[in-house]
file run.txt (compact mmCIF, C-alpha atoms)
# COMPACT_ATOMS: atom_id res chain seq x y z
CA MET A 932 38.74 -1.67 44.43
CA PRO A 933 34.97 -1.70 45.26
CA VAL A 934 33.27 1.70 45.41
CA LEU A 935 32.40 1.37 49.11
CA MET A 936 36.06 0.83 50.08
CA MET A 937 37.29 3.91 48.24
CA PRO A 938 38.16 7.15 50.05
CA ARG A 939 35.18 9.46 50.37
CA GLY A 940 36.25 11.97 47.60
CA ARG A 941 36.97 9.23 45.06
CA ARG A 942 33.70 7.48 45.92
CA ARG A 943 31.69 10.62 45.14
CA ARG A 944 33.48 11.05 41.81
CA ALA A 945 32.90 7.37 40.91
CA VAL A 946 29.19 7.56 41.76
CA LEU A 947 28.84 10.84 39.85
CA ALA A 948 30.61 9.31 36.84
CA LEU A 949 28.26 6.30 36.90
CA ILE A 950 25.24 8.59 37.06
CA LEU A 951 26.50 10.77 34.22
CA LEU A 952 27.30 7.72 32.09
CA SER A 953 23.85 6.23 32.65
CA LEU A 954 21.90 9.46 31.88
CA PRO A 955 21.89 9.07 28.07
CA PHE A 956 20.65 5.48 28.37
CA LEU A 957 17.94 6.48 30.87
CA ALA A 958 16.86 9.43 28.71
CA TRP A 959 16.64 7.16 25.68
CA ARG A 960 14.57 4.60 27.63
CA LEU A 961 12.20 7.27 28.98
CA PHE A 962 11.69 9.44 25.91
CA ARG A 963 12.06 7.05 22.96
CA PRO A 964 8.94 6.52 20.87
CA PRO A 965 7.33 3.22 21.90
CA TRP A 966 6.78 0.26 19.64
CA VAL A 967 3.22 -0.91 19.18
CA GLU A 968 2.27 -4.44 18.18
CA VAL A 969 -0.15 -4.25 15.22
CA ARG A 970 -1.93 -6.72 12.98
CA VAL A 971 -2.82 -6.27 9.31
CA GLU A 972 -6.58 -5.80 9.28
CA ALA A 973 -6.99 -5.06 5.55
CA ARG A 974 -4.99 -4.27 2.43
CA HIS A 975 -6.72 -1.53 0.43
CA TRP A 976 -5.89 -0.40 -3.11
CA GLN A 977 -7.04 2.52 -5.21
CA ARG A 978 -6.41 3.23 -8.89
CA GLU A 979 -7.51 6.35 -10.72
CA VAL A 980 -7.42 7.23 -14.42
CA GLU A 981 -7.78 10.84 -15.56
CA ILE A 982 -9.75 11.41 -18.76
CA GLU A 983 -8.73 14.33 -20.96
CA LYS A 984 -10.86 16.02 -23.58
CA HIS A 985 -9.67 17.89 -26.69
CA VAL A 986 -11.25 21.35 -26.31
CA LEU A 987 -10.93 24.79 -27.83
CA GLU A 988 -9.38 27.29 -25.43
CA SER A 989 -8.57 30.99 -25.55
CA ASP A 990 -5.00 32.05 -24.87
CA SER A 991 -2.65 34.96 -25.40
CA GLY A 992 1.05 35.59 -25.53
CA PRO A 993 3.88 36.70 -27.81
CA CYS A 994 2.97 36.06 -31.42
CA SER A 995 6.30 34.30 -31.92
CA ALA A 996 5.25 31.64 -29.37
CA MET A 997 1.76 31.07 -30.82
CA PRO A 998 0.92 27.37 -31.49
CA ALA A 999 0.82 26.09 -35.07
CA THR A 1000 -2.87 25.16 -34.92
CA VAL A 1001 -5.04 28.22 -34.29
CA VAL A 1002 -8.79 28.27 -34.86
CA GLY A 1003 -10.53 31.45 -35.97
CA GLU A 1004 -9.30 35.00 -35.88
CA VAL A 1005 -5.99 36.12 -34.31
CA VAL A 1006 -6.05 39.54 -32.62
CA ARG A 1007 -2.65 41.26 -32.68
CA ALA A 1008 -1.57 44.17 -30.50
CA ARG A 1009 1.80 45.92 -30.42
CA GLN A 1010 3.26 46.71 -26.99
CA ALA A 1011 5.15 49.91 -26.13
CA ASP A 1012 8.41 47.91 -26.11
CA GLY A 1013 7.77 46.77 -29.70
CA GLN A 1014 6.74 43.22 -28.87
CA GLU A 1015 3.68 41.94 -30.67
CA LEU A 1016 1.12 40.06 -28.54
CA CYS A 1017 -1.59 37.80 -29.96
CA ARG A 1018 -4.93 36.57 -28.64
CA TYR A 1019 -6.14 33.36 -30.21
CA ARG A 1020 -8.04 30.11 -29.74
CA SER A 1021 -6.37 26.74 -30.12
CA PRO A 1022 -7.22 23.10 -29.37
CA GLN A 1023 -5.81 21.81 -26.05
CA TRP A 1024 -6.03 18.57 -24.07
CA ARG A 1025 -7.57 19.29 -20.64
CA ARG A 1026 -8.49 17.03 -17.72
CA ARG A 1027 -12.26 16.82 -17.58
CA TRP A 1028 -13.06 13.89 -15.27
CA SER A 1029 -11.61 10.78 -13.71
CA LEU A 1030 -12.54 7.17 -13.02
CA LEU A 1031 -11.77 5.41 -9.76
CA ALA A 1032 -11.50 1.72 -8.94
CA GLU A 1033 -10.79 0.62 -5.38
CA GLY A 1034 -11.15 -2.35 -3.13
CA ASP A 1035 -9.60 -4.60 -0.52
CA LEU A 1036 -7.76 -7.83 -1.13
CA PRO A 1037 -8.62 -10.57 -2.11
CA ARG A 1038 -10.08 -8.44 -4.94
CA LYS A 1039 -7.05 -7.83 -7.16
CA PRO A 1040 -6.09 -4.25 -8.14
CA GLN A 1041 -7.35 -3.28 -11.58
CA TRP A 1042 -7.51 -0.13 -13.65
CA PRO A 1043 -10.95 1.34 -14.29
CA ILE A 1044 -12.15 0.96 -17.87
CA ALA A 1045 -13.17 4.18 -19.59
CA ALA A 1046 -15.82 4.41 -22.31
CA LEU A 1047 -14.19 7.10 -24.41
CA SER A 1048 -15.56 9.05 -27.34
CA SER A 1049 -14.91 7.33 -30.69
CA LEU A 1050 -13.73 10.58 -32.32
CA PRO A 1051 -10.18 10.60 -33.75
CA PRO A 1052 -7.65 12.34 -31.45
CA ALA A 1053 -7.25 15.38 -33.74
CA GLU A 1054 -10.98 16.22 -33.55
CA LEU A 1055 -12.47 18.56 -30.96
CA ASP A 1056 -14.36 16.72 -28.19
CA ALA A 1057 -12.17 13.63 -28.62
CA GLU A 1058 -11.18 11.94 -25.36
CA ARG A 1059 -8.07 10.12 -24.21
CA VAL A 1060 -6.67 8.52 -21.08
CA GLY A 1061 -4.39 10.88 -19.17
CA LYS A 1062 -2.45 10.30 -15.93
CA ARG A 1063 -2.77 7.09 -13.98
CA LEU A 1064 -2.55 7.35 -10.18
CA GLU A 1065 -2.37 4.44 -7.75
CA ARG A 1066 -2.28 4.05 -3.97
CA TYR A 1067 -1.72 0.95 -1.84
CA GLU A 1068 -2.50 1.08 1.86
CA LEU A 1069 -2.42 -1.22 4.89
CA LYS A 1070 -5.00 -0.86 7.64
CA LEU A 1071 -3.28 -1.83 10.91
CA LEU A 1072 -4.99 -2.52 14.22
CA ASP A 1073 -3.45 -2.83 17.70
CA GLU A 1074 -4.75 -4.72 20.75
CA GLN A 1075 -6.56 -1.62 22.11
CA GLY A 1076 -8.51 -1.20 18.85
CA ARG A 1077 -6.56 1.83 17.61
CA ASP A 1078 -5.89 1.82 13.89
CA TRP A 1079 -3.27 3.24 11.56
CA HIS A 1080 -3.10 3.48 7.79
CA CYS A 1081 0.23 3.05 6.03
CA ALA A 1082 0.69 3.81 2.32
CA LEU A 1083 3.33 1.56 0.76
CA PRO A 1084 4.85 0.92 -2.68
CA GLN A 1085 2.92 -1.79 -4.53
CA ALA A 1086 5.66 -4.45 -4.28
CA GLN A 1087 5.98 -4.04 -0.50
CA TRP A 1088 2.18 -3.91 -0.07
CA ALA A 1089 1.71 -7.11 -2.11
CA ALA A 1090 4.33 -8.96 -0.03
CA VAL A 1091 2.42 -8.40 3.23
CA ALA A 1092 0.39 -11.40 4.41
CA ASP A 1093 -3.17 -11.02 5.68
CA GLN A 1094 -3.40 -10.96 9.48
CA ALA A 1095 0.42 -10.65 9.71
CA SER A 1096 1.83 -9.12 12.90
CA TYR A 1097 4.19 -6.13 12.85
CA ARG A 1098 5.83 -3.65 15.15
CA LEU A 1099 5.12 0.01 14.47
CA ARG A 1100 6.91 2.89 16.13
CA VAL A 1101 4.47 5.48 17.46
CA ASP A 1102 5.58 8.90 18.67
CA ARG A 1103 4.36 10.56 21.87
CA TYR A 1104 1.52 12.23 19.92
CA GLY A 1105 0.17 8.85 18.77
CA VAL A 1106 1.35 9.18 15.18
CA GLY A 1107 2.63 5.95 13.65
CA ASN A 1108 5.79 6.04 11.55
CA CYS A 1109 5.09 3.64 8.66
CA ALA A 1110 8.77 3.65 7.64
CA THR A 1111 9.53 1.76 10.89
CA LEU A 1112 7.05 -1.05 10.16
CA GLU A 1113 8.86 -4.35 10.76
CA PRO A 1114 7.70 -7.98 11.02
CA ARG A 1115 7.30 -9.36 14.52
call {"tool": "encode", "arguments": {"input": "run.txt", "output": "structure tokens"}}
result
Amino acid sequence: MPVLMMPRGRRRRAVLALILLSLPFLAWRLFRPPWVEVRVEARHWQREVEIEKHVLESDSGPCSAMPATVVGEVVRARQADGQELCRYRSPQWRRRWSLLAEGDLPRKPQWPIAALSSLPPAELDAERVGKRLERYELKLLDEQGRDWHCALPQAQWAAVADQASYRLRVDRYGVGNCATLEPR
């Protein structure tokens, strides 16, 4: 039976039910984060290598936990609880500087090359390569000229074509959610 032909009380309930059923859909349409059409403007990469140096450092702690290689004199002191503490100097590897290589495709990602000291690793002032850090980022641009930067795993970053078009979900504050990036 059409709504208009229903008795007045049933008609009100039917209209109210339709309104209540449509509210979640309307709320979703009004308040959902919008999709923005973006184009890949550039693919940027950055690789960093930390360089460590073998240096002599002062330290202290329980004598039972003292490293095997100690240089110079060891100062011992007994605590009130009977534990013996030692102050000593020992060789340690410490981060001293880093090298950075970065660029945009078509220049392929590469690790920076370090000119390290030729001393053997056991010698003081010897150098070695430490941690390697890498970052792969897309620069995205929309039709209004706004841009976003999305960091991605290397495999996903490498699979993106130059000038490719994507959809990016942007929240009401203008922040793009890179996890929602999908081809158009």
call {"tool": "residues_around", "arguments": {"input": "run.txt", "residues": "Pro1052 in chain A", "least_positions_apart": "2", "cutoff": "12 Å", "atoms": "only C-alpha atoms", "output": "NGL selection string"}}
result
:A and (983-986 or 1022-1024 or 1047-1050 or 1054-1060)
call {"tool": "closest_residue", "arguments": {"input": "run.txt", "among": "A:Ala1053, A:Cys1017, A:Leu1031, A:Val969", "to": "Cys994 in chain A", "atoms": "only C-alpha atoms"}}
result
A:Cys1017
call {"tool": "closest_residue", "arguments": {"input": "run.txt", "among": "A:Asp1093, A:Glu981, A:Glu972, A:Glu1068", "to": "Cys1081 in chain A", "atoms": "only C-alpha atoms"}}
result
A:Glu1068
call {"tool": "atom_distance", "arguments": {"input": "run.txt", "atom1": "CA of Glu1074 in chain A", "atom2": "CA of Ala1090 in chain A"}}
result
23.1 Å
call {"tool": "residues_around", "arguments": {"input": "run.txt", "residues": "Gln1075 in chain A", "least_positions_apart": "4", "cutoff": "12 Å", "atoms": "only C-alpha atoms", "output": "PDB file with C-alpha atoms, in the coordinates of the input"}}
result
ATOM      1  CA  VAL A 967       3.220  -0.910  19.180  1.00  0.00           C
ATOM      2  CA  GLU A 968       2.270  -4.440  18.180  1.00  0.00           C
ATOM      3  CA  VAL A 969      -0.150  -4.250  15.220  1.00  0.00           C
ATOM      4  CA  ARG A 970      -1.930  -6.720  12.980  1.00  0.00           C
ATOM      5  CA  LEU A1071      -3.280  -1.830  10.910  1.00  0.00           C
TER       6      LEU A1071
END
call {"tool": "atom_distance", "arguments": {"input": "run.txt", "atom1": "CA of Ala1032 in chain A", "atom2": "CA of Leu987 in chain A"}}
result
29.8 Å
call {"tool": "atom_distance", "arguments": {"input": "run.txt", "atom1": "CA of Arg974 in chain A", "atom2": "CA of Asp1035 in chain A"}}
result
5.5 Å
call {"tool": "axis_aligned_box", "arguments": {"input": "run.txt", "around": "range 995-1008 of chain A", "padding_each_side": "5 Å", "output": "JSON"}}
result
{"center_x": -2.1, "center_y": 34.7, "center_z": -32.7, "size_x": 26.8, "size_y": 29.0, "size_z": 16.6}
call {"tool": "residues_around", "arguments": {"input": "run.txt", "residues": "Pro1114 in chain A", "least_positions_apart": "3", "cutoff": "7 Å", "atoms": "only C-alpha atoms", "output": "number ranges by chain"}}
result
A: 1096-1098
call {"tool": "residues_around", "arguments": {"input": "run.txt", "residues": "Glu1015 in chain A", "least_positions_apart": "3", "cutoff": "10 Å", "atoms": "only C-alpha atoms", "output": "compact mmCIF listing (two decimals) with C-alpha atoms, keeping the file's coordinate frame"}}
result
# COMPACT_ATOMS: atom_id res chain seq x y z
CA GLY A 992 1.05 35.59 -25.53
CA PRO A 993 3.88 36.70 -27.81
CA CYS A 994 2.97 36.06 -31.42
CA SER A 995 6.30 34.30 -31.92
CA ARG A 1007 -2.65 41.26 -32.68
CA ALA A 1008 -1.57 44.17 -30.50
CA ARG A 1009 1.80 45.92 -30.42
CA GLN A 1010 3.26 46.71 -26.99
CA ALA A 1011 5.15 49.91 -26.13
CA ASP A 1012 8.41 47.91 -26.11
call {"tool": "closest_residue", "arguments": {"input": "run.txt", "among": "A:Phe962, A:Trp1088, A:Tyr1067, A:Trp1042", "to": "Leu1030 in chain A", "atoms": "only C-alpha atoms"}}
result
A:Trp1042
call {"tool": "closest_residue", "arguments": {"input": "run.txt", "among": "A:Glu1065, A:Asp990, A:Glu1004, A:Asp1073", "to": "Gln977 in chain A", "atoms": "only C-alpha atoms"}}
result
A:Glu1065
call {"tool": "residues_around", "arguments": {"input": "run.txt", "residues": "Val1005 in chain A", "least_positions_apart": "2", "cutoff": "9 Å", "atoms": "all atoms listed in the file", "output": "VMD selection string"}}
result
chain A and resid 1001 to 1003 1007 1017 to 1020
call {"tool": "closest_residue", "arguments": {"input": "run.txt", "among": "A:Arg941, A:Arg1026, A:Arg1103, A:Lys1039", "to": "Trp976 in chain A", "atoms": "all atoms listed in the file"}}
result
A:Lys1039
call {"tool": "closest_residue", "arguments": {"input": "run.txt", "among": "A:Arg1025, A:Arg939, A:Arg1115, A:His975", "to": "Leu1069 in chain A", "atoms": "all atoms listed in the file"}}
result
A:His975
